[in-house]
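This is query.cif (mmCIF, C-alpha atoms).
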data_upload
#
loop_
_atom_site.label_atom_id
_atom_site.label_comp_id
_atom_site.auth_asym_id
_atom_site.auth_seq_id
_atom_site.Cartn_x
_atom_site.Cartn_y
_atom_site.Cartn_z
CA MET A 1 12.18 -4.61 -11.95
CA ASN A 2 13.16 -1.31 -10.44
CA LYS A 3 11.60 -0.86 -7.01
CA THR A 4 10.64 2.72 -7.73
CA ASN A 5 7.14 3.48 -8.90
CA ILE A 6 6.81 4.60 -12.54
CA SER A 7 3.74 6.80 -12.85
CA PRO A 8 1.12 6.25 -13.99
CA THR A 9 1.32 2.50 -13.44
CA ALA A 10 -1.69 0.23 -13.90
CA LEU A 11 -2.29 -3.18 -12.37
CA VAL A 12 -4.51 -5.35 -14.55
CA LEU A 13 -6.05 -8.42 -12.91
CA GLY A 14 -7.65 -11.06 -15.12
CA GLY A 15 -10.41 -13.54 -14.39
CA GLY A 16 -10.10 -17.20 -13.51
CA GLY A 17 -12.50 -18.40 -10.83
CA ALA A 18 -10.73 -19.85 -7.79
CA ARG A 19 -7.39 -19.22 -9.51
CA GLY A 20 -8.05 -15.55 -8.81
CA TRP A 21 -6.64 -15.92 -5.30
CA ALA A 22 -3.25 -15.85 -7.06
CA HIS A 23 -3.77 -12.09 -7.44
CA ILE A 24 -3.26 -11.73 -3.69
CA GLY A 25 0.19 -13.28 -4.02
CA VAL A 26 0.97 -10.74 -6.73
CA LEU A 27 -0.07 -7.95 -4.36
CA HIS A 28 2.41 -9.24 -1.79
CA ALA A 29 5.17 -9.11 -4.40
CA LEU A 30 4.19 -5.56 -5.37
CA ASP A 31 4.44 -4.62 -1.72
CA GLU A 32 7.95 -6.02 -1.48
CA TYR A 33 9.06 -4.12 -4.57
CA GLY A 34 7.49 -0.90 -3.35
CA ILE A 35 5.24 -0.68 -6.42
CA LYS A 36 2.01 1.19 -5.81
CA PRO A 37 -0.31 1.13 -8.84
CA ASP A 38 -2.01 4.36 -9.82
CA ILE A 39 -4.80 2.55 -11.66
CA ILE A 40 -6.51 -0.79 -10.97
CA VAL A 41 -8.43 -2.65 -13.67
CA GLY A 42 -10.10 -5.99 -13.03
CA THR A 43 -12.21 -8.60 -14.76
CA SER A 44 -14.26 -11.24 -12.93
CA MET A 45 -12.25 -12.57 -9.95
CA GLY A 46 -9.66 -9.93 -10.77
CA GLY A 47 -12.40 -7.39 -10.16
CA VAL A 48 -13.02 -8.83 -6.69
CA VAL A 49 -9.36 -8.66 -5.62
CA GLY A 50 -8.89 -5.33 -7.40
CA ALA A 51 -11.83 -3.83 -5.51
CA ALA A 52 -10.38 -5.03 -2.21
CA TYR A 53 -7.02 -3.48 -3.09
CA ALA A 54 -8.51 -0.16 -4.20
CA ALA A 55 -10.56 -0.01 -0.99
CA GLY A 56 -7.52 -0.79 1.17
CA ARG A 57 -9.08 -4.07 2.29
CA TRP A 58 -7.13 -6.71 0.40
CA ARG A 59 -5.48 -8.09 3.53
CA VAL A 60 -8.91 -8.45 5.14
CA LEU A 61 -10.06 -10.38 2.08
CA GLU A 62 -6.92 -12.51 2.24
CA ALA A 63 -7.50 -13.38 5.89
CA ALA A 64 -11.09 -14.39 5.16
CA ALA A 65 -10.03 -16.40 2.12
CA ARG A 66 -7.41 -18.35 4.07
CA GLU A 67 -10.12 -19.48 6.50
CA LEU A 68 -12.34 -20.88 3.75
CA GLU A 69 -13.01 -24.60 3.68
CA TRP A 70 -14.73 -26.38 0.83
CA ARG A 71 -18.02 -26.62 2.76
CA ASP A 72 -17.97 -22.81 3.17
CA VAL A 73 -17.67 -22.48 -0.60
CA LEU A 74 -20.64 -24.81 -1.00
CA ARG A 75 -22.76 -22.65 1.28
CA TYR A 76 -21.97 -19.53 -0.74
CA PHE A 77 -22.70 -21.11 -4.11
CA VAL A 78 -25.53 -23.57 -3.46
CA GLU A 79 -28.88 -21.81 -3.36
CA PHE A 80 -31.87 -24.05 -3.79
CA ASN A 81 -34.23 -21.46 -5.26
CA LEU A 82 -32.44 -21.80 -8.67
CA PRO A 83 -33.26 -18.48 -10.39
CA HIS A 84 -34.45 -18.80 -14.00
CA SER A 85 -31.52 -16.88 -15.53
CA GLY A 86 -28.74 -18.50 -13.50
CA LEU A 87 -28.10 -21.19 -10.92
CA VAL A 88 -27.07 -18.69 -8.23
CA ASP A 89 -28.49 -15.23 -7.57
CA GLY A 90 -25.30 -14.21 -5.75
CA ALA A 91 -26.95 -12.84 -2.61
CA LYS A 92 -24.70 -14.84 -0.26
CA ILE A 93 -21.56 -13.93 -2.15
CA LEU A 94 -22.54 -10.26 -2.21
CA GLU A 95 -23.06 -10.40 1.56
CA PHE A 96 -19.58 -11.92 1.96
CA LEU A 97 -18.02 -9.18 -0.18
CA ARG A 98 -19.90 -6.43 1.65
CA GLU A 99 -18.55 -7.72 4.96
CA LYS A 100 -14.95 -8.19 3.82
CA ILE A 101 -14.51 -5.38 1.29
CA SER A 102 -17.25 -2.96 2.39
CA SER A 103 -19.40 -0.93 0.04
CA CYS A 104 -18.69 2.48 -1.43
CA LYS A 105 -18.87 4.46 -4.64
CA ILE A 106 -16.15 3.66 -7.16
CA GLU A 107 -15.54 7.36 -7.74
CA ASP A 108 -14.84 7.86 -4.02
CA LEU A 109 -11.90 5.43 -3.94
CA SER A 110 -8.43 6.88 -3.50
CA ILE A 111 -7.15 4.78 -6.44
CA PRO A 112 -8.91 4.94 -9.83
CA PHE A 113 -10.63 1.57 -10.22
CA MET A 114 -12.35 0.08 -13.26
CA VAL A 115 -14.30 -3.15 -13.63
CA ILE A 116 -15.05 -4.86 -16.93
CA ALA A 117 -18.46 -6.34 -17.71
CA THR A 118 -20.23 -7.48 -20.87
CA ASP A 119 -23.59 -6.25 -22.16
CA LEU A 120 -25.54 -9.49 -22.55
CA TYR A 121 -27.61 -8.24 -25.48
CA SER A 122 -25.19 -6.12 -27.49
CA GLY A 123 -22.03 -8.05 -26.64
CA GLU A 124 -20.26 -4.76 -25.95
CA GLU A 125 -17.49 -4.29 -23.42
CA VAL A 126 -18.72 -2.12 -20.55
CA VAL A 127 -16.18 -0.33 -18.36
CA LEU A 128 -17.65 0.45 -14.96
CA ARG A 129 -15.83 3.38 -13.36
CA ASP A 130 -18.51 4.92 -11.15
CA GLY A 131 -21.50 3.88 -9.08
CA ASP A 132 -21.76 1.26 -6.35
CA MET A 133 -18.54 -0.75 -6.22
CA LEU A 134 -20.04 -4.03 -5.07
CA ASN A 135 -22.74 -3.96 -7.73
CA ALA A 136 -20.01 -3.45 -10.31
CA VAL A 137 -18.07 -6.38 -8.87
CA ARG A 138 -21.22 -8.50 -8.84
CA ALA A 139 -21.65 -7.70 -12.55
CA THR A 140 -18.12 -8.68 -13.52
CA ILE A 141 -18.43 -12.09 -11.80
CA ALA A 142 -21.82 -12.86 -13.38
CA ILE A 143 -20.64 -15.95 -15.27
CA PRO A 144 -23.44 -16.88 -17.71
CA GLY A 145 -25.41 -19.90 -16.59
CA ILE A 146 -23.98 -19.79 -13.07
CA PHE A 147 -24.82 -16.31 -11.76
CA THR A 148 -27.87 -14.29 -12.67
CA PRO A 149 -27.05 -11.21 -14.79
CA VAL A 150 -26.98 -7.77 -13.18
CA ASN A 151 -29.11 -4.79 -14.15
CA TYR A 152 -26.62 -1.93 -13.92
CA ALA A 153 -27.46 1.53 -15.30
CA ASP A 154 -30.26 0.04 -17.44
CA ARG A 155 -27.97 -2.54 -19.02
CA ILE A 156 -28.03 -6.30 -18.42
CA LEU A 157 -24.44 -7.21 -17.60
CA VAL A 158 -22.51 -10.46 -17.29
CA ASP A 159 -18.88 -11.55 -16.81
CA GLY A 160 -16.37 -9.16 -18.36
CA GLY A 161 -14.07 -12.04 -19.28
CA LEU A 162 -16.30 -12.80 -22.26
CA VAL A 163 -14.95 -9.74 -24.08
CA ASN A 164 -11.75 -8.76 -22.25
CA PRO A 165 -10.32 -11.43 -19.91
CA VAL A 166 -7.08 -9.49 -19.25
CA PRO A 167 -8.07 -5.85 -19.87
CA VAL A 168 -4.72 -4.29 -20.78
CA SER A 169 -6.45 -2.18 -23.43
CA VAL A 170 -8.67 -0.53 -20.82
CA ALA A 171 -5.67 0.40 -18.66
CA ARG A 172 -3.88 1.84 -21.67
CA ALA A 173 -6.93 3.87 -22.67
CA ALA A 174 -7.04 5.23 -19.11
CA GLY A 175 -3.57 6.73 -19.59
CA ALA A 176 -1.32 4.10 -18.03
CA LYS A 177 2.30 4.29 -19.19
CA GLN A 178 3.45 1.19 -17.34
CA ILE A 179 1.18 -1.86 -17.22
CA ILE A 180 1.55 -4.93 -15.01
CA ALA A 181 -0.94 -7.63 -16.02
CA VAL A 182 -1.83 -10.97 -14.45
CA ASN A 183 -3.13 -13.70 -16.76
CA LEU A 184 -4.66 -16.78 -15.15
CA ASN A 185 -6.09 -18.20 -18.37
CA HIS A 186 -3.43 -20.59 -19.50
CA TYR A 187 -2.57 -24.26 -19.25
CA PRO A 188 1.10 -24.57 -18.29
CA SER A 189 1.40 -28.31 -18.97
CA PRO A 190 -0.65 -31.53 -19.13
CA ARG A 191 0.40 -32.11 -15.52
CA GLY A 192 -1.60 -29.04 -14.57
CA ARG A 193 -4.87 -30.69 -15.52
CA ALA A 194 -7.16 -32.00 -12.81
CA PRO A 195 -6.82 -35.77 -12.40
CA VAL A 196 -9.75 -38.10 -13.01
CA ILE A 197 -10.34 -40.06 -9.82
CA LYS A 198 -12.18 -43.34 -9.53
CA LYS A 199 -15.18 -42.85 -7.29
CA THR A 200 -16.56 -45.71 -5.18
CA ALA A 201 -18.70 -46.09 -2.09
CA LYS A 202 -15.55 -45.82 0.03
CA HIS A 203 -15.86 -42.01 -0.11
CA SER A 204 -18.42 -42.04 2.71
CA SER A 205 -16.66 -39.30 4.69
CA ASP A 206 -16.85 -37.01 1.65
CA PHE A 207 -20.53 -37.90 1.33
CA ASP A 208 -21.19 -37.07 4.98
CA ARG A 209 -19.46 -33.68 4.69
CA TRP A 210 -21.47 -32.90 1.56
CA ALA A 211 -24.77 -34.04 3.08
CA ASP A 212 -24.24 -31.88 6.18
CA CYS A 213 -24.43 -28.80 3.97
CA LEU A 214 -27.89 -29.71 2.62
CA PRO A 215 -31.21 -28.46 4.01
CA GLU A 216 -32.57 -30.78 6.72
CA LYS A 217 -35.19 -32.57 4.59
CA MET A 218 -32.77 -33.19 1.73
CA ARG A 219 -30.07 -34.25 4.20
CA ASP A 220 -32.30 -36.99 5.67
CA TRP A 221 -33.25 -38.24 2.22
CA ALA A 222 -29.62 -38.28 1.11
CA HIS A 223 -28.53 -40.25 4.16
CA GLU A 224 -31.35 -42.78 3.64
CA LEU A 225 -30.33 -43.27 0.02
CA ASN A 226 -26.69 -43.67 0.99
CA ALA A 227 -27.59 -46.16 3.74
CA ALA A 228 -29.54 -48.25 1.22
CA LEU A 229 -26.56 -48.26 -1.10
CA GLN A 230 -24.18 -49.27 1.68
CA ALA A 231 -26.50 -52.15 2.67
CA LEU A 232 -26.05 -53.86 -0.69
CA PRO A 233 -23.59 -56.77 -0.99
CA GLY A 234 -20.04 -55.62 -1.74
CA LYS A 235 -19.89 -56.42 -5.45
CA ALA A 236 -23.40 -55.18 -6.11
CA ARG A 237 -22.65 -51.95 -4.23
CA GLU A 238 -19.48 -51.31 -6.22
CA SER A 239 -21.16 -52.17 -9.52
CA LEU A 240 -24.07 -49.84 -8.81
CA SER A 241 -21.72 -47.08 -7.69
CA ASP A 242 -19.62 -47.47 -10.85
CA PHE A 243 -22.75 -47.50 -13.01
CA MET A 244 -24.13 -44.35 -11.42
CA ASN A 245 -20.81 -42.50 -11.48
CA PRO A 246 -17.98 -44.38 -13.22
CA GLN A 247 -15.62 -41.43 -12.83
CA GLU A 248 -15.58 -38.30 -10.74
CA LEU A 249 -16.91 -36.02 -13.43
CA PRO A 250 -16.77 -32.25 -12.91
CA GLY A 251 -19.80 -30.53 -11.41
CA ILE A 252 -21.97 -28.10 -13.32
CA PHE A 253 -20.03 -25.11 -11.98
CA ASP A 254 -16.78 -26.56 -13.32
CA VAL A 255 -18.37 -27.44 -16.66
CA LEU A 256 -19.76 -23.93 -17.22
CA GLY A 257 -16.81 -22.08 -15.69
CA ASN A 258 -14.12 -24.06 -17.49
CA SER A 259 -15.98 -23.95 -20.81
CA ILE A 260 -15.93 -20.18 -20.65
CA ARG A 261 -12.29 -20.23 -19.55
CA ILE A 262 -11.34 -22.25 -22.63
CA MET A 263 -12.78 -19.48 -24.76
CA GLU A 264 -11.13 -16.81 -22.60
CA THR A 265 -7.76 -18.54 -22.92
CA SER A 266 -7.79 -18.19 -26.70
CA LEU A 267 -9.06 -14.62 -26.47
CA SER A 268 -6.35 -13.74 -23.92
CA ARG A 269 -3.60 -15.01 -26.21
CA LEU A 270 -4.86 -12.96 -29.14
CA MET A 271 -5.38 -9.75 -27.16
CA LEU A 272 -2.09 -9.96 -25.23
CA ALA A 273 -0.17 -10.63 -28.46
CA LYS A 274 -1.76 -7.56 -30.02
CA ASP A 275 -1.36 -5.31 -26.96
CA PRO A 276 1.25 -6.76 -24.57
CA PRO A 277 1.74 -5.28 -21.10
CA ASP A 278 5.14 -4.17 -19.84
CA VAL A 279 5.13 -6.98 -17.27
CA LEU A 280 3.08 -10.13 -17.76
CA ILE A 281 2.61 -12.42 -14.75
CA CYS A 282 1.32 -15.96 -15.36
CA PRO A 283 0.91 -17.90 -12.10
CA GLU A 284 1.13 -21.69 -12.34
CA VAL A 285 -2.41 -22.46 -11.21
CA GLY A 286 -3.54 -24.62 -14.12
CA ASN A 287 -4.38 -27.52 -11.80
CA VAL A 288 -6.84 -25.51 -9.70
CA ARG A 289 -10.43 -26.07 -10.69
CA PHE A 290 -12.90 -23.25 -11.14
CA MET A 291 -14.72 -23.95 -7.86
CA GLU A 292 -11.75 -24.86 -5.65
CA PHE A 293 -11.78 -21.62 -3.69
CA HIS A 294 -10.46 -23.45 -0.62
CA ARG A 295 -7.03 -23.88 -2.30
CA VAL A 296 -6.12 -20.38 -1.23
CA ASP A 297 -2.59 -20.90 0.09
CA GLU A 298 -1.53 -22.72 -3.06
CA CYS A 299 -2.88 -20.01 -5.36
CA ILE A 300 -1.44 -17.13 -3.33
CA GLY A 301 1.96 -18.83 -3.28
CA ALA A 302 1.85 -19.38 -7.04
CA GLY A 303 0.94 -15.74 -7.63
CA TYR A 304 3.76 -14.50 -5.44
CA GLU A 305 6.36 -16.75 -7.08
CA ALA A 306 5.25 -15.82 -10.60
CA ALA A 307 5.34 -12.10 -9.77
CA ILE A 308 8.82 -12.25 -8.21
CA LYS A 309 10.08 -14.16 -11.25
CA ALA A 310 8.48 -11.69 -13.68
CA PHE A 311 9.88 -8.64 -11.84
CA ALA A 312 13.37 -10.17 -11.70
CA ASN A 313 13.38 -10.58 -15.49
CA VAL A 314 12.46 -6.97 -16.26
#

Structure encoded using structure tokens:
Amino acid sequence: MNKTNISPTALVLGGGGARGWAHIGVLHALDEYGIKPDIIVGTSMGGVVGAAYAAGRWRVLEAAARELEWRDVLRYFVEFNLPHSGLVDGAKILEFLREKISSCKIEDLSIPFMVIATDLYSGEEVVLRDGDMLNAVRATIAIPGIFTPVNYADRILVDGGLVNPVPVSVARAAGAKQIIAVNLNHYPSPRGRAPVIKKTAKHSSDFDRWADCLPEKMRDWAHELNAALQALPGKARESLSDFMNPQELPGIFDVLGNSIRIMETSLSRLMLAKDPPDVLICPEVGNVRFMEFHRVDECIGAGYEAAIKAFANV
């Protein structure tokens, strides 16, 4: 791809949970090619990275992301008040975003920025282009069943990926002549699927790390239960462990997030076939689970490699 900017150029960042860190790798590639988008459009995790870019804070977000460990992710997502309309009310995540991205009005950004959300009751696509940026981002990541919906301008909004997972159409409607889109909703090969791992009582170190993240009362109870299990004779312990959890099944976040992503994958194919971007970037992150936000380096590297490859073929 020519290293000169073709105006107006839009960067469209799709959703994908933890895979969304790949967008940061794409931003590094854009930097190398001297491409500065005139318009940013994001859905879900693409809205998070897009907001950071539009606010000039994407490198701050990257630095914070690279420091994340899996227990940090657990602290952000596990809230034991369990709101009635979602497992997580998002207060901790919003605090993280406010610290790393900062808060401002969308209309005050130097780069036009749009976030896609879905009206929960009408099913309509909602393009957020003004108002509080972080509230808009919070709306676009409101995955049904995981995050509570957001009341934004008297509408109840959830994840934009339900209606437009890679919003090329929104960028085109905004006047973009050149569109670079990043699609994370694809399965590159069977090898990209997460392996099923046999789980036995030998994973005590994993248990200890998990238990340390629990509130004190629950932590004590969990350790007592684990101690009782470990006290059983070897064969009985393994049999009970296998009975309780014969395989390492995905957690509820993975079940809900990946179920939606399956739907978004089909929708992405249809919409991109109907309205293809000028440059389509598809990072190889199919083996990264929805909640594996600690796999930052891997995702960023995949995004960078896919972008360089896509630009070289244009």

The PyMOL selection byres ((chain A and resi 293) around 10) on the file shown: which residues, as a PyMOL selection string?
chain A and resi 17-21+65-66+68-70+72-74+288-292+294-297+299

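Between CA of Lys36 in chain A and CA of Pro165 in chain A the separation is 22.6 Å.
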
Looking at all atoms listed in the file, which of A:Asn313, A:Thr43, A:Asn287, A:Asn258 is the one that sits closest to Thr140 in chain A?
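Going through A:Asn313, A:Thr43, A:Asn287, A:Asn258 one by one, the smallest distance to Thr140 in chain A is for A:Thr43.
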
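Take the PyMOL selection byres ((chain A and resi 173) around 12) and apply it to this file: it picks Ala10, Ile39, Val41, Met114, Val127, Pro167, Val168, Ser169, Val170, Ala171, Arg172, Ala174, Gly175, Ala176, Lys177, Gln178, Ile179 and Asp275 of chain A.
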
Just say which residues the PyMOL selection byres ((chain A and resi 128) around 7) picks in this file, as a list in words.
Met114, Val115, Ile116, Val126, Val127, Arg129, Asp130 and Ala136 of chain A

Using only C-alpha atoms - which residues lie no farther than 7 Å from the point (-15.7, -11.3, -18.1) in the file's frame? Write them as a list in words.
Gly15, Thr43, Ser44, Ile116, Ala117, Thr118, Thr140, Ile141, Val158, Asp159, Gly160, Gly161, Leu162, Val163, Asn164 and Pro165 of chain A

Include C-alpha atoms and write out the residues we just selected as a PDB file, in the frame of the given file.
ATOM      1  CA  GLY A  15     -10.410 -13.540 -14.390  1.00  0.00           C
ATOM      2  CA  THR A  43     -12.210  -8.600 -14.760  1.00  0.00           C
ATOM      3  CA  SER A  44     -14.260 -11.240 -12.930  1.00  0.00           C
ATOM      4  CA  ILE A 116     -15.050  -4.860 -16.930  1.00  0.00           C
ATOM      5  CA  ALA A 117     -18.460  -6.340 -17.710  1.00  0.00           C
ATOM      6  CA  THR A 118     -20.230  -7.480 -20.870  1.00  0.00           C
ATOM      7  CA  THR A 140     -18.120  -8.680 -13.520  1.00  0.00           C
ATOM      8  CA  ILE A 141     -18.430 -12.090 -11.800  1.00  0.00           C
ATOM      9  CA  VAL A 158     -22.510 -10.460 -17.290  1.00  0.00           C
ATOM     10  CA  ASP A 159     -18.880 -11.550 -16.810  1.00  0.00           C
ATOM     11  CA  GLY A 160     -16.370  -9.160 -18.360  1.00  0.00           C
ATOM     12  CA  GLY A 161     -14.070 -12.040 -19.280  1.00  0.00           C
ATOM     13  CA  LEU A 162     -16.300 -12.800 -22.260  1.00  0.00           C
ATOM     14  CA  VAL A 163     -14.950  -9.740 -24.080  1.00  0.00           C
ATOM     15  CA  ASN A 164     -11.750  -8.760 -22.250  1.00  0.00           C
ATOM     16  CA  PRO A 165     -10.320 -11.430 -19.910  1.00  0.00           C
TER      17      PRO A 165
END

Point out the residue among A:Ile106, A:Leu13, A:Met271, A:Val255 with the least atom-to-atom distance to Val26 in chain A, counting all atoms listed in the file.
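Nearest candidate to Val26 in chain A out of A:Ile106, A:Leu13, A:Met271, A:Val255: A:Leu13.
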
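Neighbourhood of point (-9.7, -16.1, -17.2): residues with an atom at most 6 Å away, counting only C-alpha atoms, are Gly14, Gly15, Gly16, Pro165, Leu184, Asn185, Arg261 and Glu264 of chain A.
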
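Nearest residue to His23 in chain A among A:Ser122, A:Asn183, A:Thr265, A:Thr9 is A:Asn183, counting only C-alpha atoms.
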
What does the structure give for the distance between CA of Val48 in chain A and CA of Thr148 in chain A, in Å to one decimal?
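A separation of 16.9 Å between them.
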
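By chain and then residue number, the residues within 7 Å of Ser103 in chain A are Arg98, Met133 and Leu134 of chain A, counting all atoms listed in the file and disregarding those fewer than 3 positions away in sequence.
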
Could you tell me how far CA of Leu27 in chain A lies from CA of Ala302 in chain A, in Å and to one decimal?
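Interatomic distance, CA of Leu27 in chain A to CA of Ala302 in chain A: 11.9 Å.
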
Distance criterion (only C-alpha atoms): nearest to Leu157 in chain A out of A:Gly301, A:Gly131, A:Gly46, A:Gly123
A:Gly123

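Counting only C-alpha atoms, the residue from A:Gly50, A:Val60, A:Ile40, A:Phe147 that sits nearest to Leu94 in chain A is A:Phe147.
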
Excluding same-chain residues fewer than 2 positions from Leu61 in chain A, what lies within 7 Å of it counting only C-alpha atoms, as a PyMOL selection string?
chain A and resi 52+57-59+63-65+100-101

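With all atoms listed in the file as the atoms that count, the minimum distance from Pro276 in chain A to the choices A:Val150, A:Tyr121, A:Ala91, A:Ala181 is reached by A:Ala181.
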
Complete range 51-69 of chain A at the level of N, CA and C atoms, written as an mmCIF file, in the coordinates of the input.
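Full text of result_14.cif as output:
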data_model
loop_
_atom_site.group_PDB
_atom_site.id
_atom_site.type_symbol
_atom_site.label_atom_id
_atom_site.label_comp_id
_atom_site.auth_asym_id
_atom_site.auth_seq_id
_atom_site.Cartn_x
_atom_site.Cartn_y
_atom_site.Cartn_z
ATOM 1 N N ALA A 51 -10.972 -4.677 -6.344
ATOM 2 C CA ALA A 51 -11.830 -3.830 -5.510
ATOM 3 C C ALA A 51 -11.316 -3.796 -4.074
ATOM 4 N N ALA A 52 -10.911 -4.959 -3.576
ATOM 5 C CA ALA A 52 -10.380 -5.030 -2.210
ATOM 6 C C ALA A 52 -9.106 -4.200 -2.085
ATOM 7 N N TYR A 53 -8.260 -4.254 -3.118
ATOM 8 C CA TYR A 53 -7.020 -3.480 -3.090
ATOM 9 C C TYR A 53 -7.311 -1.975 -3.137
ATOM 10 N N ALA A 54 -8.189 -1.582 -4.045
ATOM 11 C CA ALA A 54 -8.510 -0.160 -4.200
ATOM 12 C C ALA A 54 -9.172 0.403 -2.944
ATOM 13 N N ALA A 55 -9.889 -0.446 -2.210
ATOM 14 C CA ALA A 55 -10.560 -0.010 -0.990
ATOM 15 C C ALA A 55 -9.667 -0.133 0.243
ATOM 16 N N GLY A 56 -8.433 -0.607 0.048
ATOM 17 C CA GLY A 56 -7.520 -0.790 1.170
ATOM 18 C C GLY A 56 -7.893 -1.956 2.059
ATOM 19 N N ARG A 57 -8.580 -2.955 1.484
ATOM 20 C CA ARG A 57 -9.080 -4.070 2.290
ATOM 21 C C ARG A 57 -8.588 -5.425 1.783
ATOM 22 N N TRP A 58 -7.532 -5.439 0.988
ATOM 23 C CA TRP A 58 -7.130 -6.710 0.400
ATOM 24 C C TRP A 58 -6.583 -7.695 1.433
ATOM 25 N N ARG A 59 -5.973 -7.181 2.498
ATOM 26 C CA ARG A 59 -5.480 -8.090 3.530
ATOM 27 C C ARG A 59 -6.638 -8.672 4.353
ATOM 28 N N VAL A 60 -7.712 -7.922 4.478
ATOM 29 C CA VAL A 60 -8.910 -8.450 5.140
ATOM 30 C C VAL A 60 -9.508 -9.575 4.300
ATOM 31 N N LEU A 61 -9.569 -9.340 2.990
ATOM 32 C CA LEU A 61 -10.060 -10.380 2.080
ATOM 33 C C LEU A 61 -9.165 -11.608 2.127
ATOM 34 N N GLU A 62 -7.856 -11.389 2.171
ATOM 35 C CA GLU A 62 -6.920 -12.510 2.240
ATOM 36 C C GLU A 62 -7.147 -13.346 3.503
ATOM 37 N N ALA A 63 -7.295 -12.670 4.630
ATOM 38 C CA ALA A 63 -7.500 -13.380 5.890
ATOM 39 C C ALA A 63 -8.771 -14.220 5.843
ATOM 40 N N ALA A 64 -9.830 -13.651 5.271
ATOM 41 C CA ALA A 64 -11.090 -14.390 5.160
ATOM 42 C C ALA A 64 -10.946 -15.563 4.198
ATOM 43 N N ALA A 65 -10.212 -15.347 3.109
ATOM 44 C CA ALA A 65 -10.030 -16.400 2.120
ATOM 45 C C ALA A 65 -9.253 -17.579 2.704
ATOM 46 N N ARG A 66 -8.241 -17.277 3.500
ATOM 47 C CA ARG A 66 -7.410 -18.350 4.070
ATOM 48 C C ARG A 66 -8.197 -19.208 5.064
ATOM 49 N N GLU A 67 -9.297 -18.708 5.560
ATOM 50 C CA GLU A 67 -10.120 -19.480 6.500
ATOM 51 C C GLU A 67 -11.164 -20.329 5.798
ATOM 52 N N LEU A 68 -11.315 -20.146 4.483
ATOM 53 C CA LEU A 68 -12.340 -20.880 3.750
ATOM 54 C C LEU A 68 -12.043 -22.367 3.684
ATOM 55 N N GLU A 69 -13.066 -23.173 3.924
ATOM 56 C CA GLU A 69 -13.010 -24.600 3.680
ATOM 57 C C GLU A 69 -13.998 -24.900 2.560
#
